[in-house]
>>> print(open('target.txt').read())   # compact mmCIF, C-alpha atoms
# COMPACT_ATOMS: atom_id res chain seq x y z
CA MET A 1 78.09 126.87 111.45
CA PRO A 2 74.45 128.06 111.16
CA GLY A 3 75.54 131.73 111.51
CA TYR A 4 78.24 131.24 108.89
CA MET A 5 75.69 129.61 106.56
CA ARG A 6 73.37 132.62 107.00
CA MET A 7 76.27 134.97 106.25
CA LEU A 8 77.14 133.08 103.01
CA THR A 9 73.48 133.09 101.97
CA SER A 10 73.08 136.83 102.62
CA ARG A 11 76.18 137.51 100.50
CA GLY A 12 74.87 135.38 97.68
CA ARG A 13 77.58 132.73 97.99
CA LEU A 14 75.37 129.91 96.76
CA ALA A 15 75.99 126.96 94.45
CA ASN A 16 73.53 124.78 92.56
CA ASP A 17 73.05 121.31 94.00
CA VAL A 18 73.00 119.72 90.56
CA HIS A 19 71.81 116.33 91.81
CA LYS A 20 68.48 117.67 93.10
CA VAL A 21 65.28 118.32 91.19
CA GLY A 22 64.14 121.96 91.20
CA GLY A 23 67.37 123.96 91.28
CA VAL A 24 68.26 123.78 94.97
CA LYS A 25 70.91 126.31 96.01
CA VAL A 26 73.35 125.60 98.86
CA PRO A 27 75.74 128.05 100.62
CA THR A 28 79.45 127.52 99.89
CA PRO A 29 82.34 127.39 100.80
CA ALA A 30 82.55 126.04 104.35
CA GLY A 31 86.31 125.71 103.87
CA PRO A 32 87.33 128.95 105.65
CA LEU A 33 85.36 127.97 108.76
CA LEU A 34 86.84 124.44 108.69
CA ILE A 35 90.33 125.93 108.32
CA LEU A 36 89.66 128.25 111.27
CA ALA A 37 88.39 125.37 113.41
CA ILE A 38 91.41 123.17 112.65
CA VAL A 39 93.91 126.02 113.15
CA ALA A 40 92.28 126.83 116.52
CA GLY A 41 92.47 123.17 117.58
CA GLU A 42 96.11 122.79 116.53
CA ALA A 43 96.99 126.14 118.17
CA GLY A 44 95.48 124.88 121.43
CA ILE A 45 97.64 121.75 121.22
CA TYR A 46 100.70 123.92 120.52
CA LEU A 47 100.01 126.09 123.57
CA VAL A 48 99.82 123.00 125.78
CA ALA A 49 102.68 120.97 124.28
CA GLU A 50 104.93 123.60 122.58
CA SER A 51 105.72 121.07 119.85
CA SER A 52 106.47 121.82 116.19
CA ILE A 53 104.00 119.09 115.13
CA PRO A 54 100.80 121.22 115.47
CA LEU A 55 102.69 124.15 113.91
CA ALA A 56 103.35 122.05 110.80
CA ALA A 57 99.67 121.02 110.71
CA ILE A 58 98.64 124.71 110.92
CA ALA A 59 101.03 125.72 108.13
CA VAL A 60 99.88 122.94 105.78
CA THR A 61 96.22 123.72 106.56
CA LEU A 62 96.73 127.41 105.71
CA VAL A 63 98.68 126.78 102.48
CA ALA A 64 96.38 124.06 101.07
CA GLY A 65 93.26 125.84 102.33
CA GLY A 66 94.52 129.11 100.85
CA VAL A 67 95.04 127.52 97.43
CA GLY A 68 91.54 126.03 97.66
CA PHE A 69 90.00 129.33 98.75
CA TYR A 70 91.57 131.14 95.79
CA ASP A 71 90.14 128.40 93.58
CA ASP A 72 86.69 128.89 95.17
CA ILE A 73 86.75 132.66 94.56
CA ARG A 74 88.67 133.11 91.32
CA GLY A 75 89.22 129.61 89.91
CA LEU A 76 92.52 127.90 89.13
CA GLY A 77 93.56 125.87 86.07
CA GLY A 78 93.76 122.09 86.06
CA ILE A 79 97.60 122.13 86.10
CA VAL A 80 98.18 125.24 88.26
CA LYS A 81 96.27 123.84 91.24
CA PRO A 82 98.41 120.69 91.76
CA LEU A 83 101.57 122.74 91.20
CA LEU A 84 100.56 125.26 93.88
CA LEU A 85 99.65 122.43 96.26
CA CYS A 86 103.28 121.21 96.13
CA PHE A 87 104.05 124.29 98.26
CA ALA A 88 102.00 122.79 101.10
CA ALA A 89 104.97 120.45 101.63
CA VAL A 90 107.42 123.33 102.14
CA PRO A 91 106.57 124.17 105.78
CA LEU A 92 106.68 120.49 106.70
CA ILE A 93 110.15 119.99 105.19
CA LEU A 94 111.49 123.31 106.53
CA LEU A 95 110.27 122.62 110.08
CA GLU A 96 111.85 119.15 109.92
CA MET A 97 115.16 120.72 108.83
CA VAL A 98 115.02 123.05 111.85
CA HIS A 99 113.63 120.74 114.57
CA GLN A 100 114.41 117.23 113.21
CA SER A 101 111.56 115.78 115.24
CA LEU A 102 108.63 116.10 112.85
CA TYR A 103 108.89 112.80 110.95
CA ASN A 104 111.18 109.86 110.29
CA ALA A 105 112.47 109.90 106.73
CA GLN A 106 111.62 106.22 106.23
CA LEU A 107 108.59 104.09 105.36
CA TYR A 108 107.38 101.23 107.58
CA PHE A 109 105.91 98.35 105.58
CA PRO A 110 103.55 95.71 106.99
CA LEU A 111 105.36 92.48 107.96
CA PHE A 112 108.71 93.55 106.54
CA GLY A 113 109.73 96.54 108.68
CA GLY A 114 111.17 99.91 107.74
CA THR A 115 113.31 101.13 104.89
CA GLY A 116 116.57 102.96 105.48
CA THR A 117 116.54 106.69 106.24
CA HIS A 118 116.58 108.78 103.04
CA TYR A 119 116.03 112.49 103.69
CA ILE A 120 116.08 113.70 100.08
CA ILE A 121 113.96 110.88 98.63
CA PHE A 122 111.46 111.26 101.48
CA ALA A 123 111.27 115.03 100.91
CA ILE A 124 110.53 114.41 97.22
CA LEU A 125 107.80 111.93 98.21
CA ILE A 126 106.28 114.53 100.57
CA VAL A 127 106.21 117.15 97.81
CA ALA A 128 104.49 114.63 95.50
CA ALA A 129 102.07 113.46 98.22
CA MET A 130 100.49 116.90 98.78
CA PRO A 131 98.88 117.42 95.34
CA VAL A 132 98.08 113.70 95.03
CA ALA A 133 96.25 113.49 98.38
CA SER A 134 94.58 116.90 98.02
CA ASN A 135 93.28 116.20 94.53
CA ALA A 136 92.21 112.66 95.45
CA PHE A 137 90.03 114.10 98.24
CA ASN A 138 88.85 116.95 96.00
CA MET A 139 87.75 114.57 93.23
CA LEU A 140 85.65 112.61 95.73
CA ASP A 141 83.73 115.76 96.61
CA ALA A 142 80.77 115.41 94.26
CA PHE A 143 77.74 114.31 96.31
CA ASN A 144 76.11 115.30 99.60
CA GLY A 145 78.21 113.99 102.49
CA GLU A 146 80.51 111.96 100.26
CA LEU A 147 83.82 113.68 101.08
CA SER A 148 82.99 114.68 104.66
CA GLY A 149 81.88 111.11 105.48
CA PHE A 150 84.92 109.66 103.72
CA THR A 151 87.24 112.00 105.65
CA VAL A 152 85.68 110.97 108.98
CA ILE A 153 86.17 107.27 108.19
CA ALA A 154 89.69 107.65 106.74
CA THR A 155 90.77 109.81 109.70
CA ALA A 156 89.42 107.16 112.09
CA ALA A 157 91.71 104.64 110.35
CA LEU A 158 94.57 107.13 110.66
CA LEU A 159 93.90 107.56 114.40
CA ILE A 160 93.84 103.78 114.93
CA ALA A 161 97.12 103.42 113.00
CA ILE A 162 98.79 106.08 115.15
CA VAL A 163 97.43 104.47 118.35
CA PHE A 164 98.82 101.08 117.22
CA ARG A 165 102.18 102.67 116.56
CA ALA A 166 102.15 104.49 119.91
CA VAL A 167 101.28 101.28 121.78
CA SER A 168 104.06 99.32 120.04
CA SER A 169 106.75 101.96 120.73
CA SER A 170 107.67 103.22 124.20
CA SER A 171 109.30 106.38 122.80
CA PHE A 172 106.33 107.50 120.67
CA ASP A 173 105.30 111.14 121.03
CA TYR A 174 101.56 111.32 121.79
CA ILE A 175 101.39 114.85 120.32
CA ARG A 176 101.21 113.10 116.92
CA LEU A 177 97.98 111.48 118.04
CA ALA A 178 96.58 114.72 119.52
CA ALA A 179 97.39 116.63 116.30
CA THR A 180 95.04 114.29 114.37
CA LEU A 181 92.03 115.08 116.57
CA PRO A 182 91.18 118.55 115.13
CA LEU A 183 90.85 117.04 111.63
CA ALA A 184 88.63 114.22 112.93
CA ALA A 185 86.48 116.63 114.96
CA ALA A 186 86.11 119.19 112.15
CA ALA A 187 85.23 116.52 109.56
CA LEU A 188 82.70 114.88 111.90
CA CYS A 189 80.97 118.18 112.79
CA PHE A 190 80.95 119.23 109.14
CA TYR A 191 79.44 115.87 108.10
CA PHE A 192 76.25 116.62 110.04
CA TYR A 193 75.72 119.78 107.93
CA ASN A 194 77.03 118.33 104.67
CA ARG A 195 75.23 114.95 104.67
CA TYR A 196 72.15 114.41 102.49
CA PRO A 197 70.40 116.81 101.99
CA SER A 198 73.37 119.19 102.26
CA ARG A 199 72.91 122.48 104.05
CA ILE A 200 76.41 123.69 103.11
CA PHE A 201 79.21 122.66 100.71
CA ASP A 202 82.88 122.65 101.69
CA GLY A 203 84.25 124.05 98.42
CA ASP A 204 87.80 123.39 97.25
CA SER A 205 89.11 125.25 100.30
CA GLY A 206 87.69 122.45 102.45
CA SER A 207 88.39 119.42 100.26
CA LEU A 208 92.00 120.33 99.31
CA MET A 209 92.79 121.20 102.93
CA PHE A 210 91.31 117.87 104.16
CA GLY A 211 93.52 115.91 101.72
CA ALA A 212 96.74 117.81 102.43
CA LEU A 213 96.24 117.64 106.20
CA PHE A 214 95.41 113.93 106.05
CA ALA A 215 98.70 113.27 104.20
CA THR A 216 100.64 115.50 106.62
CA LEU A 217 99.28 113.74 109.71
CA ALA A 218 100.05 110.34 108.16
CA ILE A 219 103.65 111.44 107.49
CA MET A 220 104.14 112.92 110.97
CA GLY A 221 102.54 109.84 112.54
CA GLY A 222 104.80 107.52 110.51
CA VAL A 223 101.77 105.54 109.27
CA GLU A 224 101.92 106.31 105.55
CA ILE A 225 101.08 102.80 104.29
CA ALA A 226 98.02 102.44 106.57
CA ALA A 227 96.86 105.90 105.45
CA LEU A 228 97.36 104.93 101.80
CA VAL A 229 95.20 101.83 102.32
CA ALA A 230 92.46 103.87 104.04
CA ALA A 231 92.53 106.32 101.12
CA ILE A 232 92.39 103.61 98.40
CA PRO A 233 88.81 104.54 97.32
CA ALA A 234 89.86 108.19 96.82
CA VAL A 235 93.11 107.22 95.08
CA LEU A 236 91.31 104.81 92.72
CA ASN A 237 88.64 107.42 91.97
CA SER A 238 91.24 110.00 90.97
CA TYR A 239 93.23 107.47 88.89
CA TYR A 240 90.11 106.49 86.97
CA ILE A 241 89.13 110.12 86.38
CA LEU A 242 92.60 111.19 85.23
CA SER A 243 93.00 108.19 82.94
CA SER A 244 89.54 108.52 81.38
CA ILE A 245 89.89 112.25 80.65
CA ARG A 246 93.64 111.87 79.89
CA GLY A 247 95.08 114.62 82.08
CA PHE A 248 94.34 117.37 84.59
CA VAL A 249 91.13 119.12 83.55
CA GLU A 250 89.13 121.38 85.86
CA HIS A 251 85.78 119.65 86.53
CA LYS A 252 83.83 122.69 85.31
CA LYS A 253 85.51 122.26 81.91
CA MET A 254 84.87 118.52 81.49
CA ALA A 255 83.03 117.59 78.30
CA ALA A 256 80.34 115.62 80.16
CA ARG A 257 79.36 114.68 83.69
CA PRO A 258 79.83 111.07 84.81
CA THR A 259 76.23 110.91 86.05
CA TYR A 260 72.89 112.55 85.31
CA LEU A 261 69.66 113.01 87.23
CA GLY A 262 66.84 111.00 85.65
CA GLU A 263 63.19 111.98 85.55
CA ASP A 264 62.61 109.34 88.24
CA GLY A 265 64.74 111.45 90.63
CA ARG A 266 67.46 108.81 90.65
CA LEU A 267 71.05 109.17 89.48
CA HIS A 268 72.14 107.28 86.36
CA ALA A 269 75.57 106.50 84.91
CA SER A 270 76.19 108.58 81.81
CA ALA A 271 77.17 106.85 78.59
CA ALA A 272 78.09 110.18 76.99
CA ALA A 273 81.43 110.34 75.18
CA GLY A 274 83.94 112.22 77.34
CA ALA A 275 82.19 111.45 80.63
CA PRO A 276 84.93 110.51 83.11
CA THR A 277 85.01 107.15 84.89
CA THR A 278 84.45 107.57 88.64
CA LEU A 279 83.67 105.16 91.49
CA VAL A 280 80.16 106.61 91.56
CA LYS A 281 79.67 105.94 87.86
CA MET A 282 80.95 102.38 88.37
CA ILE A 283 78.30 101.84 91.08
CA LEU A 284 75.54 103.40 89.00
CA THR A 285 76.44 101.30 85.95
CA ARG A 286 74.83 98.36 87.76
CA GLU A 287 71.65 100.18 88.79
CA PRO A 288 70.43 103.80 89.07
CA MET A 289 69.87 104.95 92.65
CA ARG A 290 68.99 107.88 94.86
CA GLU A 291 71.82 110.19 95.94
CA SER A 292 71.57 109.19 99.62
CA ASP A 293 71.86 105.47 98.71
CA LEU A 294 74.77 106.18 96.41
CA VAL A 295 76.72 108.03 99.11
CA ARG A 296 75.95 105.20 101.54
CA GLY A 297 77.59 102.82 99.06
CA ILE A 298 80.70 105.00 98.83
CA LEU A 299 80.89 105.25 102.63
CA MET A 300 80.56 101.45 102.91
CA LEU A 301 83.51 101.20 100.55
CA ALA A 302 85.42 103.69 102.74
CA ALA A 303 84.57 101.63 105.84
CA PHE A 304 85.86 98.49 104.11
CA ALA A 305 89.13 100.29 103.24
CA CYS A 306 89.27 101.44 106.88
CA ILE A 307 89.10 97.79 108.04
CA LEU A 308 91.90 96.85 105.60
CA SER A 309 93.91 99.80 106.95
CA VAL A 310 93.48 98.58 110.54
CA ILE A 311 94.63 95.09 109.48
CA THR A 312 97.63 96.72 107.73
CA SER A 313 98.44 98.67 110.90
CA GLY A 314 98.29 95.49 112.97
CA MET A 315 100.59 93.72 110.49
CA THR A 316 103.02 96.66 110.60
CA TRP A 317 103.33 97.19 114.34
CA PHE A 318 102.38 93.90 116.02
CA VAL A 319 103.54 91.10 113.68
CA MET B 320 70.80 100.54 97.37
CA THR B 321 71.74 96.90 97.26
CA VAL B 322 75.11 95.82 98.62
CA LYS B 323 75.50 93.94 95.32
CA SER B 324 76.10 97.33 93.66
CA ILE B 325 79.45 97.68 95.40
CA TYR B 326 80.61 94.02 95.30
CA GLY B 327 82.78 94.74 92.27
CA LEU B 328 84.36 97.76 93.92
CA LEU B 329 85.01 95.79 97.12
CA VAL B 330 86.94 93.27 95.00
CA ILE B 331 88.91 96.08 93.31
CA VAL B 332 89.82 97.65 96.70
CA THR B 333 90.87 94.23 98.03
CA VAL B 334 93.06 93.58 94.98
CA ALA B 335 94.60 97.07 95.37
CA TRP B 336 95.39 96.28 99.02
CA LEU B 337 96.84 92.82 98.27
CA LEU B 338 99.01 94.36 95.55
CA ILE B 339 100.33 96.92 98.06
CA LEU B 340 101.25 94.07 100.43
CA GLY B 341 102.75 91.90 97.65
CA GLU B 342 104.72 94.76 96.15
CA SER B 343 105.97 95.73 99.64
CA TYR B 344 107.34 92.18 99.96
CA PHE B 345 108.98 92.40 96.52
CA PHE B 346 110.45 95.84 97.33
CA ILE B 347 111.89 94.88 100.73
CA VAL B 348 113.05 91.34 99.88
CA ILE B 349 114.11 91.67 96.23
CA VAL B 350 114.74 95.33 95.29
CA ARG B 351 116.32 96.64 98.48
CA PRO B 352 119.18 94.06 98.63
CA LEU B 353 120.13 94.74 94.98
CA GLY B 354 122.77 97.22 96.14
CA PRO B 355 123.88 99.57 98.92
CA PRO B 356 121.66 102.53 99.99
CA LEU B 357 121.04 105.00 97.14
CA HIS B 358 123.32 107.75 98.50
CA LEU B 359 126.24 105.28 98.70
CA ALA B 360 125.53 103.21 95.59
CA ASP B 361 127.04 103.43 92.11
CA LEU B 362 124.87 104.63 89.22
CA PRO B 363 123.81 101.28 87.63
CA SER B 364 122.59 99.91 90.96
CA THR B 365 120.70 103.14 91.71
CA VAL B 366 119.10 103.26 88.26
CA LEU B 367 118.11 99.59 88.51
CA LYS B 368 116.45 100.08 91.90
CA VAL B 369 114.59 103.22 90.80
CA LEU B 370 113.40 101.56 87.57
CA ILE B 371 112.15 98.42 89.33
CA THR B 372 110.37 100.55 91.96
CA ALA B 373 108.75 102.63 89.21
CA GLY B 374 107.79 99.35 87.52
CA LEU B 375 105.99 98.26 90.69
CA GLY B 376 103.99 101.50 90.62
CA ILE B 377 103.16 101.03 86.94
CA LEU B 378 102.11 97.42 87.63
CA TRP B 379 99.71 98.62 90.37
CA VAL B 380 98.17 101.23 88.07
CA GLY B 381 97.96 98.71 85.19
CA VAL B 382 96.17 96.12 87.33
CA MET B 383 93.70 98.75 88.54
CA PHE B 384 92.87 99.72 84.96
CA ALA B 385 92.44 96.04 84.09
CA MET B 386 90.06 95.72 87.06
CA ASP B 387 88.09 98.70 85.75
CA SER B 388 87.77 97.01 82.35
CA LEU B 389 86.62 93.75 83.97
CA HIS B 390 84.12 95.65 86.14
CA THR B 391 82.68 97.39 83.08
CA LYS B 392 82.48 94.08 81.24
CA PHE B 393 80.57 92.33 84.00
CA THR B 394 78.10 95.11 84.79
CA ARG B 395 75.20 96.36 82.75
CA THR B 396 75.90 99.10 80.19
CA PRO B 397 73.83 102.28 80.74
CA THR B 398 70.97 102.53 78.31
CA SER B 399 70.71 106.33 78.07
CA ALA B 400 73.06 109.27 78.11
CA SER B 401 72.91 112.87 79.26
>>> encode(input="target.txt", output="structure tokens")
Amino acid sequence: MPGYMRMLTSRGRLANDVHKVGGVKVPTPAGPLLILAIVAGEAGIYLVAESSIPLAAIAVTLVAGGVGFYDDIRGLGGIVKPLLLCFAAVPLILLEMVHQSLYNAQLYFPLFGGTGTHYIIFAILIVAAMPVASNAFNMLDAFNGELSGFTVIATAALLIAIVFRAVSSSSFDYIRLAATLPLAAAALCFYFYNRYPSRIFDGDSGSLMFGALFATLAIMGGVEIAALVAAIPAVLNSYYILSSIRGFVEHKKMAARPTYLGEDGRLHASAAAGAPTTLVKMILTREPMRESDLVRGILMLAAFACILSVITSGMTWFV
Amino acid sequence: MTVKSIYGLLVIVTVAWLLILGESYFFIVIVRPLGPPLHLADLPSTVLKVLITAGLGILWVGVMFAMDSLHTKFTRTPTSAS
């Protein structure tokens, strides 16, 4: 990572850290390196297990990461980006059609068991899940360590859910568990560089890829509901943003930011007309705070959702 | 940062989770037995199931927006704008 950061800096790939006093510039995007790390990890699992599960993870990583990378370099419109992200579902559905071992086309609910098997409805849900999950993660990527920390915690919940499922079923394929490890490892390593004060930003190539891969691993692990619960903070954040700005608008084109940096060096909730509602703004409405404290609050919320996700997993597979 | 700052959001996340559990119960126990599986069912039964399921989604979103309004009402309004 340090060599990659030096390379980005020497090429002038720097972005303003707008929540710091004094115009701090940070290298970006880390996405390509994260994509490379995850693809290498999944490729290693494929070489050992020769399963189509890591292949699907690689394909989704490349498609979603590719869309994000194009957005980092050239920029994509507010509507075009979610539409392109739908294509991240294509390799998953195609590989399932060929191998029929990638996922079960049914949802398992806590306490009440599974639905029937519906291939077409499930495929439609997968296509919808990709832009929803990717954008939900992307919209949470506003402060130092916010998204990387959230991804670590949410992926931990995902791992626990898959372990619970594996323990409760004698026929469970442990490759599904192994395929989740590269995402957890990449997010954890990246967090140490991205946490406050950030030394590198992930860019859309990182955040969109994290979201799409998280959804893919949840689908292949058959733990969609537990994953949804773990991702509640990100889902709520994106719902509040979309409803307050009434549609898909690229964040660079928003009329106002949800927060602003005060002269006291603390972040404040903006009361400007057109400023979107976000979880961060909801926290800051109570009291202004430093960026590091704010991100700690978001990560505490993520940890709470992680606990609820573990309870949901227990209710799904052991009750 | 005081933990108090995220109390409201913890309540919202808990309500979101409880709604997921409650709506799961409603979907499995009430909606699912309304007719045969979708690929075997006649049109009215299919439409009814899809509409009720969509209604559950809309209810979840509606409650979350109501929670946002309540959160705004019970927290201090910012005194300055950028």
>>> residues_around(input="target.txt", residues="Ala212 of chain A", least_positions_apart="4", cutoff="7 Å", atoms="only C-alpha atoms", output="JSON, numbers by chain")
{"A": [60, 64, 130, 133, 134, 208, 216]}
>>> atom_distance(input="target.txt", atom1="atom CA of Val280 of chain A", atom2="atom CA of Leu236 of chain A")
11.4 Å
>>> interface_residues(input="target.txt", of="chain A", to="chain B", cutoff="6 Å", atoms="all atoms listed in the file", output="list of chain:residue names")
A:Ser270, A:Ala271, A:Ala272, A:Ile283, A:Thr285, A:Arg286, A:Asp293
>>> residues_around(input="target.txt", residues="Pro233 of chain A", least_positions_apart="4", cutoff="8 Å", atoms="all atoms listed in the file", output="MDAnalysis selection string")
(chainID A and resid 237 279 301:302 305) or (chainID B and resid 332)
>>> axis_aligned_box(input="target.txt", around="segment 373-385 of chain B", padding_each_side="6 Å", output="lines of an AutoDock Vina configuration file")
center_x = 100.6
center_y = 99.3
center_z = 87.4
size_x = 28.3
size_y = 18.6
size_z = 18.6
>>> atom_distance(input="target.txt", atom1="atom CA of Pro352 of chain B", atom2="atom CA of Ile311 of chain A")
26.9 Å
>>> atom_distance(input="target.txt", atom1="atom CA of Leu228 of chain A", atom2="atom CA of Ala154 of chain A")
9.5 Å
>>> residues_around(input="target.txt", residues="Phe69 of chain A", least_positions_apart="4", cutoff="7 Å", atoms="all atoms listed in the file", output="list in words")
Gly65, Ile73, Asp204 and Ser205 of chain A
>>> residues_around(input="target.txt", residues="Phe172 of chain A", least_positions_apart="4", cutoff="12 Å", atoms="all atoms listed in the file", output="PyMOL selection string")
chain A and resi 101-104+162-168+176-177+220-222
>>> write_last_selection(input="target.txt", atoms="C-alpha atoms", output="mmCIF file, keeping the file's coordinate frame")
data_model
loop_
_atom_site.group_PDB
_atom_site.id
_atom_site.type_symbol
_atom_site.label_atom_id
_atom_site.label_comp_id
_atom_site.auth_asym_id
_atom_site.auth_seq_id
_atom_site.Cartn_x
_atom_site.Cartn_y
_atom_site.Cartn_z
ATOM 1 C CA SER A 101 111.560 115.780 115.240
ATOM 2 C CA LEU A 102 108.630 116.100 112.850
ATOM 3 C CA TYR A 103 108.890 112.800 110.950
ATOM 4 C CA ASN A 104 111.180 109.860 110.290
ATOM 5 C CA ILE A 162 98.790 106.080 115.150
ATOM 6 C CA VAL A 163 97.430 104.470 118.350
ATOM 7 C CA PHE A 164 98.820 101.080 117.220
ATOM 8 C CA ARG A 165 102.180 102.670 116.560
ATOM 9 C CA ALA A 166 102.150 104.490 119.910
ATOM 10 C CA VAL A 167 101.280 101.280 121.780
ATOM 11 C CA SER A 168 104.060 99.320 120.040
ATOM 12 C CA ARG A 176 101.210 113.100 116.920
ATOM 13 C CA LEU A 177 97.980 111.480 118.040
ATOM 14 C CA MET A 220 104.140 112.920 110.970
ATOM 15 C CA GLY A 221 102.540 109.840 112.540
ATOM 16 C CA GLY A 222 104.800 107.520 110.510
#
>>> closest_residue(input="target.txt", among="A:Phe137, A:Tyr239, A:Tyr260, A:Tyr191", to="Trp379 of chain B", atoms="all atoms listed in the file")
A:Tyr239
>>> closest_residue(input="target.txt", among="B:Leu389, B:Leu362, B:Leu338, B:Leu353", to="Leu375 of chain B", atoms="all atoms listed in the file")
B:Leu338
